[in-house]
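One file, query-v9.txt, is given below (compact mmCIF, C-alpha atoms and all ligand atoms).
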# COMPACT_ATOMS: atom_id res chain seq x y z
CA MET A 869 97.33 38.35 -135.94
CA SER A 870 94.85 39.90 -133.58
CA GLY A 871 94.98 40.61 -129.87
CA ARG A 872 92.12 39.76 -127.54
CA PHE A 873 89.79 42.37 -126.07
CA ILE A 874 88.72 41.89 -122.44
CA THR A 875 86.34 44.28 -120.69
CA PHE A 876 85.42 44.66 -117.03
CA GLU A 877 81.97 45.97 -116.13
CA GLY A 878 80.01 46.64 -112.95
CA GLY A 879 78.53 49.30 -110.70
CA GLU A 880 80.32 51.78 -108.43
CA GLY A 881 82.97 50.39 -106.05
CA THR A 882 82.94 46.84 -107.40
CA GLY A 883 86.76 46.80 -107.59
CA LYS A 884 87.13 46.85 -111.39
CA SER A 885 90.17 49.10 -111.52
CA THR A 886 92.14 46.89 -109.12
CA GLN A 887 91.15 43.74 -111.01
CA VAL A 888 92.02 45.28 -114.39
CA ARG A 889 95.48 46.09 -113.04
CA MET A 890 96.01 42.64 -111.53
CA LEU A 891 94.91 40.88 -114.74
CA ALA A 892 97.20 43.08 -116.86
CA GLU A 893 100.09 42.12 -114.54
CA ALA A 894 99.24 38.41 -114.80
CA LEU A 895 99.08 38.63 -118.60
CA GLY A 896 102.40 40.46 -118.66
CA GLU A 897 104.01 37.74 -116.50
CA ALA A 898 102.65 35.13 -118.92
CA GLY A 899 104.38 36.95 -121.78
CA VAL A 900 101.18 38.36 -123.27
CA GLU A 901 101.69 41.96 -124.35
CA CYS A 902 98.67 44.00 -123.29
CA VAL A 903 97.48 47.56 -122.79
CA LEU A 904 95.37 48.60 -119.86
CA THR A 905 92.77 51.24 -120.65
CA ARG A 906 89.45 52.67 -119.47
CA GLU A 907 86.18 54.26 -120.47
CA PRO A 908 85.14 56.96 -120.56
CA GLY A 909 88.70 57.83 -121.61
CA GLY A 910 91.64 55.81 -122.85
CA ALA A 911 92.65 58.35 -125.56
CA PRO A 912 93.48 62.08 -125.27
CA GLY A 913 90.17 63.37 -126.67
CA ALA A 914 88.18 60.75 -124.80
CA GLU A 915 89.82 61.78 -121.52
CA GLU A 916 88.67 65.37 -122.17
CA ILE A 917 85.12 64.16 -122.75
CA ARG A 918 85.40 62.06 -119.55
CA ARG A 919 85.64 65.22 -117.45
CA LEU A 920 82.32 66.46 -118.82
CA LEU A 921 80.69 63.21 -117.74
CA VAL A 922 82.15 62.34 -114.35
CA GLU A 923 82.36 65.78 -112.73
CA GLY A 924 79.80 68.41 -111.83
CA HIS A 925 76.10 68.59 -111.19
CA VAL A 926 74.16 65.30 -111.24
CA GLU A 927 71.54 66.69 -113.63
CA ARG A 928 73.89 68.53 -115.95
CA TRP A 929 73.01 66.31 -118.98
CA ASP A 930 69.90 64.81 -120.46
CA GLY A 931 70.16 61.00 -120.69
CA LEU A 932 70.49 60.95 -124.48
CA THR A 933 73.21 63.62 -124.34
CA GLU A 934 75.11 61.35 -121.96
CA VAL A 935 74.77 58.46 -124.41
CA LEU A 936 76.13 60.63 -127.23
CA LEU A 937 79.05 61.87 -125.11
CA HIS A 938 79.96 58.33 -124.02
CA TYR A 939 79.82 57.16 -127.64
CA ALA A 940 81.87 60.15 -128.83
CA ALA A 941 84.52 59.22 -126.26
CA ARG A 942 84.22 55.53 -127.26
CA HIS A 943 84.76 56.37 -130.94
CA GLU A 944 88.03 58.16 -130.08
CA HIS A 945 89.06 55.31 -127.78
CA LEU A 946 88.44 52.67 -130.45
CA LEU A 947 90.14 54.69 -133.16
CA GLU A 948 93.19 55.80 -131.20
CA THR A 949 93.82 52.97 -128.75
CA VAL A 950 91.79 49.78 -128.97
CA ARG A 951 91.79 48.92 -132.67
CA PRO A 952 95.47 49.80 -133.34
CA ALA A 953 96.57 47.61 -130.40
CA LEU A 954 94.40 44.64 -131.40
CA GLU A 955 95.51 44.92 -135.02
CA SER A 956 99.15 44.66 -133.99
CA GLY A 957 98.48 41.59 -131.84
CA ILE A 958 98.42 43.37 -128.47
CA TRP A 959 95.71 42.42 -125.99
CA VAL A 960 93.50 45.18 -124.57
CA VAL A 961 92.04 45.11 -121.06
CA SER A 962 89.49 47.88 -120.54
CA ASP A 963 87.93 49.17 -117.34
CA ARG A 964 84.36 49.53 -118.81
CA PHE A 965 83.08 49.53 -122.39
CA ALA A 966 79.70 49.69 -124.14
CA ASP A 967 77.75 47.56 -121.60
CA SER A 968 78.18 50.49 -119.21
CA THR A 969 76.15 52.73 -121.51
CA LEU A 970 73.33 50.22 -121.74
CA ALA A 971 73.40 49.69 -117.95
CA TYR A 972 73.88 53.29 -116.74
CA GLN A 973 72.05 55.28 -119.42
CA GLY A 974 69.63 52.56 -120.62
CA TYR A 975 68.60 50.74 -117.42
CA GLY A 976 69.70 53.53 -115.03
CA HIS A 977 68.50 56.70 -116.75
CA ARG A 978 65.85 54.83 -118.78
CA VAL A 979 67.03 56.08 -122.17
CA ASN A 980 65.33 53.97 -124.87
CA ARG A 981 67.57 50.92 -125.23
CA GLU A 982 66.76 50.45 -128.92
CA GLU A 983 68.02 54.01 -129.57
CA ILE A 984 71.24 53.16 -127.71
CA ARG A 985 71.64 50.01 -129.84
CA ARG A 986 71.22 52.11 -132.99
CA ILE A 987 73.97 54.50 -131.91
CA HIS A 988 76.06 51.47 -130.92
CA ARG A 989 75.77 49.99 -134.41
CA LEU A 990 76.78 53.32 -135.94
CA VAL A 991 79.91 53.74 -133.80
CA VAL A 992 80.97 50.20 -132.90
CA GLY A 993 79.31 48.05 -135.58
CA ASP A 994 79.74 44.29 -135.06
CA PHE A 995 82.93 44.68 -133.08
CA ALA A 996 82.63 43.25 -129.53
CA PRO A 997 84.86 42.18 -126.64
CA ASP A 998 86.11 38.58 -126.67
CA LEU A 999 85.30 38.37 -122.97
CA THR A 1000 83.40 40.58 -120.51
CA LEU A 1001 83.72 40.13 -116.75
CA VAL A 1002 80.83 41.65 -114.82
CA LEU A 1003 81.77 42.33 -111.19
CA ASP A 1004 78.61 42.14 -109.12
CA LEU A 1005 78.14 43.60 -105.63
CA PRO A 1006 75.13 44.80 -103.56
CA ILE A 1007 74.87 48.54 -104.14
CA ASP A 1008 75.23 49.55 -100.47
CA LYS A 1009 78.62 47.83 -100.28
CA GLY A 1010 79.78 49.26 -103.61
CA LEU A 1011 78.71 52.81 -102.83
CA ALA A 1012 80.36 52.65 -99.39
CA ARG A 1013 83.65 51.54 -101.02
CA ALA A 1014 83.39 54.17 -103.77
CA GLY A 1015 82.48 56.94 -101.31
CA GLY A 1016 85.62 56.21 -99.31
CA ARG A 1017 87.76 57.10 -102.31
CA GLY A 1018 86.78 60.79 -102.38
CA GLY A 1019 87.83 62.97 -105.35
CA ALA A 1020 85.98 65.05 -107.93
CA GLU A 1021 84.90 62.18 -110.21
CA ASP A 1022 81.80 61.33 -108.23
CA ARG A 1023 78.95 62.57 -110.42
CA TYR A 1024 77.47 59.09 -110.97
CA GLU A 1025 78.07 58.01 -107.35
CA ARG A 1026 75.81 60.88 -106.26
CA MET A 1027 72.84 59.56 -108.23
CA GLY A 1028 70.11 57.84 -106.17
CA ASP A 1029 69.99 54.26 -104.86
CA ASP A 1030 67.16 53.40 -107.28
CA PHE A 1031 69.40 54.38 -110.19
CA HIS A 1032 72.22 52.16 -108.86
CA GLU A 1033 69.89 49.22 -108.25
CA ARG A 1034 68.49 49.50 -111.79
CA LEU A 1035 71.93 49.52 -113.35
CA ARG A 1036 73.06 46.56 -111.20
CA GLN A 1037 70.08 44.56 -112.46
CA GLY A 1038 70.85 45.89 -115.97
CA PHE A 1039 74.36 44.41 -115.92
CA LEU A 1040 72.97 41.07 -114.70
CA ASP A 1041 70.38 41.14 -117.49
CA ILE A 1042 73.01 41.98 -120.14
CA ALA A 1043 75.15 39.05 -118.90
CA ARG A 1044 72.17 36.64 -118.90
CA ARG A 1045 71.36 37.54 -122.50
CA ASP A 1046 74.93 37.09 -123.74
CA PRO A 1047 76.46 34.15 -121.82
CA GLU A 1048 78.98 33.39 -124.59
CA ARG A 1049 80.71 36.71 -123.96
CA CYS A 1050 79.86 37.60 -120.35
CA THR A 1051 80.61 36.04 -116.97
CA VAL A 1052 79.33 37.42 -113.68
CA ILE A 1053 81.77 37.37 -110.76
CA ASP A 1054 80.81 37.81 -107.10
CA ALA A 1055 82.83 40.89 -106.14
CA SER A 1056 82.08 40.61 -102.41
CA ALA A 1057 84.97 38.15 -101.96
CA ASP A 1058 88.42 39.54 -101.04
CA VAL A 1059 90.62 41.07 -103.75
CA LYS A 1060 92.92 38.02 -104.12
CA THR A 1061 90.03 35.57 -104.45
CA VAL A 1062 88.34 37.72 -107.11
CA ALA A 1063 91.67 38.05 -108.97
CA GLU A 1064 92.14 34.26 -108.90
CA THR A 1065 88.61 33.76 -110.30
CA VAL A 1066 89.33 36.34 -113.02
CA ARG A 1067 92.57 34.55 -114.01
CA GLN A 1068 90.83 31.17 -114.17
CA ILE A 1069 88.04 32.49 -116.39
CA VAL A 1070 90.46 34.30 -118.72
CA ALA A 1071 92.68 31.19 -118.92
CA ASP A 1072 89.70 28.91 -119.70
CA ARG A 1073 87.92 31.17 -122.13
CA LEU A 1074 90.88 32.58 -124.02
CA GLN A 1075 93.24 29.61 -123.87
CA VAL A 1076 96.15 31.31 -122.17
CA SER A 1077 98.20 29.91 -119.33
CA LEU A 1078 98.16 32.24 -116.29
CA LYS A 1079 99.75 31.73 -112.85
P1 LIG A 1101 84.72 54.82 -113.54
O1 LIG A 1101 84.40 55.45 -112.24
O2 LIG A 1101 84.51 53.34 -113.55
O3 LIG A 1101 86.05 55.23 -114.12
O4 LIG A 1101 83.63 55.33 -114.62
C1 LIG A 1101 83.22 56.63 -114.68
C2 LIG A 1101 81.74 56.73 -114.55
O5 LIG A 1101 81.12 56.77 -115.84
C3 LIG A 1101 81.06 55.61 -113.78
O6 LIG A 1101 80.31 56.20 -112.76
C4 LIG A 1101 80.16 54.96 -114.79
C5 LIG A 1101 79.95 55.99 -115.86
N1 LIG A 1101 79.73 55.48 -117.22
C6 LIG A 1101 78.48 55.60 -117.80
O7 LIG A 1101 77.54 56.10 -117.18
N2 LIG A 1101 78.30 55.17 -119.09
C7 LIG A 1101 79.31 54.63 -119.82
O8 LIG A 1101 79.12 54.27 -120.99
C8 LIG A 1101 80.62 54.50 -119.20
C9 LIG A 1101 81.76 53.93 -119.98
C10 LIG A 1101 80.77 54.95 -117.90

Please lay out the structure from this file as C-alpha cells.
Ligand code: TMP
Amino acid sequence: MSGRFITFEGGEGTGKSTQVRMLAEALGEAGVECVLTREPGGAPGAEEIRRLLVEGHVERWDGLTEVLLHYAARHEHLLETVRPALESGIWVVSDRFADSTLAYQGYGHRVNREEIRRIHRLVVGDFAPDLTLVLDLPIDKGLARAGGRGGAEDRYERMGDDFHERLRQGFLDIARRDPERCTVIDASADVKTVAETVRQIVADRLQVSLK
C-alpha cells in the first residue's frame, strides 16, 4: 500500500500554490486521502531552514550553500512528512521538490549540475515523484503576479531577469529529458482552465477518477 507523490514546479508567480490547493480538494472529493505540502518547508525543521533561504539579502548565500540548505530541508521533509504519508497509503501533493534545486541553483545560479545530482543521490536516492506538473509562464507575467503578493519571502523574486529566464528554460529542459514523469502546462490560461488541465493529467496518468 503506497500513496502517490505529485509535485508542482515552475518559476515565480506561475500559480502553483493555487493549483496545489485545487488538486488537493479534487482528490479529497474523489475520496483520495492526501496531504498538501511545500518546499522549502513541509516539516518543522524544514520550515526553519526555509526562512534562511527565502528572506534577506539576495547575495546572502553562495550557490552551493543554497543547494545544501535546500537538501537539508528536503531531508527533513522526506523523513518527517513525505515518506510516512506515502507508506501509510496517503497521497502527497507538494508545491515544489528537487527539480526546483536543479532549475534555480543549477540552471539559475549555475552551480555544477553533476554536483547537485551527487547530493541528490545522497539525500533522495532513487525515490522520485510519480508525476511532476511544470507550470510554465513568461517571466515578465510571473514576476508581475508574484510582485503583487508583497511579503517578506521575496529573496528569489529580487534576483535578475536573466536568472529567471535561465531557470524557466531549466524547468523546460528537465521536463523534456524526463517525459515519463513530467508534463508542462501553459500557466497563462485562467485558473479554472489550468485546474481542469491538471485534473485531466492526474486522472490519466495516475488512474484516478476526478470531477
Ligand atoms: P515558493 O515561493 O514557491 O514557496 O518557494 C520559495 C522559493 O525557493 C522560490 O523562490 C524558489 C526557491 N527554491 C529554490 O531556489 N530551490 C529549491 O530547491 C526550492 C524547493 C525552492

(message) Env of range 947-952 of chain A: 8 Å cut, atoms = only C-alpha atoms, seq-sep filter 5 positions within chain, self excluded. Answer as a ChimeraX atom specification.
(response) /A:910-911,960

Just to be explicit: take each residue in the selection above, keep C-alpha atoms, and write the result as a compact mmCIF listing (two decimals), keeping the file's coordinate frame.
# COMPACT_ATOMS: atom_id res chain seq x y z
CA GLY A 910 91.64 55.81 -122.85
CA ALA A 911 92.65 58.35 -125.56
CA VAL A 960 93.50 45.18 -124.57

(request) Kindly indicate which residue among A:Val903, A:Ala966, A:Leu946, A:Ile874 lies nearest to ligand LIG 1101 (chain A), using all atoms listed in the file for the distances. (result)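 The answer is A:Ala966, which sits nearest to ligand LIG 1101 (chain A).
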
(message) Report, in Å with one decimal, the straight-line distance from CA of Glu923 in chain A to CA of Glu1021 in chain A.
(response)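 Going from CA of Glu923 in chain A over to CA of Glu1021 in chain A covers 5.1 Å.
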
(request) Using all atoms listed in the file, pick whichever of A:Ala894, A:Val991, A:Met1027, A:Ile1042 has the shortest atom-to-atom distance to ligand LIG 1101 (chain A). (result) A:Met1027

(request) Please identify the residues whose atoms come within 9 Å of ligand LIG 1101 (chain A), using only C-alpha atoms and all ligand atoms, and report them as a PyMOL selection string. (result) chain A and resi 877-881+884-885+906-909+918+921-922+934-935+937-939+941-942+963-973+976+1014+1021-1025

(request) Determine the nearest neighbour of Arg889 in chain A from the options A:Ala914, A:Thr1051, A:Ser962, A:Gln1068, counting only C-alpha atoms. (result)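 Of all the options, A:Ser962 lies closest to Arg889 in chain A.
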
(message) Rounded to one decimal, what separation in Å do you get between CA of Lys1060 in chain A and CA of Leu895 in chain A?
(response) 15.7 Å

(message) Let me make sure I understand: among A:Leu999, A:Glu1064, A:Val1070, A:Thr875, which one has the smallest atom-to-atom distance to Glu1048 in chain A if we use all atoms listed in the file?
(response)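 Ranked by minimum distance to Glu1048 in chain A, first place goes to A:Leu999.
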
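The coordinates place CA of Gly896 in chain A at 23.4 Å from CA of Thr882 in chain A.
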
(request) Check the smallest atom-to-atom distance from each of A:Leu891, A:Leu1078, A:Cys1050, A:Leu932 to Ala996 in chain A using all atoms listed in the file, then report the winner. (result)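 Among the listed residues, A:Cys1050 lies closest to Ala996 in chain A.
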
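Considering only C-alpha atoms, the residue among A:Ile987, A:Leu1040, A:Leu1001, A:Leu1035 positioned nearest to Thr933 in chain A is A:Ile987.
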
Could you extract range 978-1037 of chain A of the given structure into a file holding C-alpha atoms, as a tab-separated table (two decimals), in the first residue's frame?
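File decode24.tsv, as written:
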chain	number	residue	atom	x	y	z
A	978	ARG	CA	24.98	27.90	-12.44
A	979	VAL	CA	26.03	25.52	-9.67
A	980	ASN	CA	27.58	22.43	-11.28
A	981	ARG	CA	24.61	20.18	-12.07
A	982	GLU	CA	26.60	16.97	-11.62
A	983	GLU	CA	27.45	18.08	-8.06
A	984	ILE	CA	23.74	18.70	-7.41
A	985	ARG	CA	22.92	15.21	-8.75
A	986	ARG	CA	25.52	13.72	-6.38
A	987	ILE	CA	23.94	15.44	-3.38
A	988	HIS	CA	20.53	14.37	-4.69
A	989	ARG	CA	21.58	10.72	-4.76
A	990	LEU	CA	22.89	11.00	-1.20
A	991	VAL	CA	19.70	12.53	0.22
A	992	VAL	CA	16.92	11.28	-2.05
A	993	GLY	CA	18.40	8.17	-3.68
A	994	ASP	CA	16.18	6.58	-6.35
A	995	PHE	CA	12.99	7.95	-4.86
A	996	ALA	CA	11.10	10.23	-7.30
A	997	PRO	CA	7.65	11.75	-7.76
A	998	ASP	CA	5.08	9.66	-9.63
A	999	LEU	CA	4.07	12.78	-11.53
A	1000	THR	CA	5.51	16.29	-11.88
A	1001	LEU	CA	3.47	19.16	-13.31
A	1002	VAL	CA	5.62	22.03	-14.57
A	1003	LEU	CA	3.65	25.29	-14.76
A	1004	ASP	CA	5.19	27.42	-17.47
A	1005	LEU	CA	4.74	31.18	-17.89
A	1006	PRO	CA	6.78	34.01	-19.49
A	1007	ILE	CA	8.89	35.51	-16.72
A	1008	ASP	CA	7.51	39.06	-17.02
A	1009	LYS	CA	3.97	37.80	-16.34
A	1010	GLY	CA	5.10	35.57	-13.48
A	1011	LEU	CA	7.19	38.24	-11.78
A	1012	ALA	CA	4.35	40.78	-12.10
A	1013	ARG	CA	1.95	38.33	-10.40
A	1014	ALA	CA	4.48	37.43	-7.70
A	1015	GLY	CA	5.39	41.07	-7.05
A	1016	GLY	CA	1.73	41.88	-6.42
A	1017	ARG	CA	1.69	39.49	-3.48
A	1018	GLY	CA	4.14	41.50	-1.34
A	1019	GLY	CA	5.53	39.98	1.89
A	1020	ALA	CA	8.99	39.18	3.20
A	1021	GLU	CA	9.54	35.94	1.25
A	1022	ASP	CA	10.78	37.65	-1.88
A	1023	ARG	CA	14.51	36.90	-1.91
A	1024	TYR	CA	14.37	34.86	-5.14
A	1025	GLU	CA	11.90	37.25	-6.81
A	1026	ARG	CA	14.50	40.01	-6.42
A	1027	MET	CA	17.09	38.13	-8.46
A	1028	GLY	CA	17.63	39.40	-12.04
A	1029	ASP	CA	15.58	38.65	-15.18
A	1030	ASP	CA	18.46	36.61	-16.65
A	1031	PHE	CA	18.35	34.33	-13.61
A	1032	HIS	CA	14.58	33.85	-14.02
A	1033	GLU	CA	14.86	33.20	-17.76
A	1034	ARG	CA	17.58	30.58	-17.17
A	1035	LEU	CA	15.53	28.75	-14.58
A	1036	ARG	CA	12.42	28.84	-16.81
A	1037	GLN	CA	14.42	27.20	-19.60
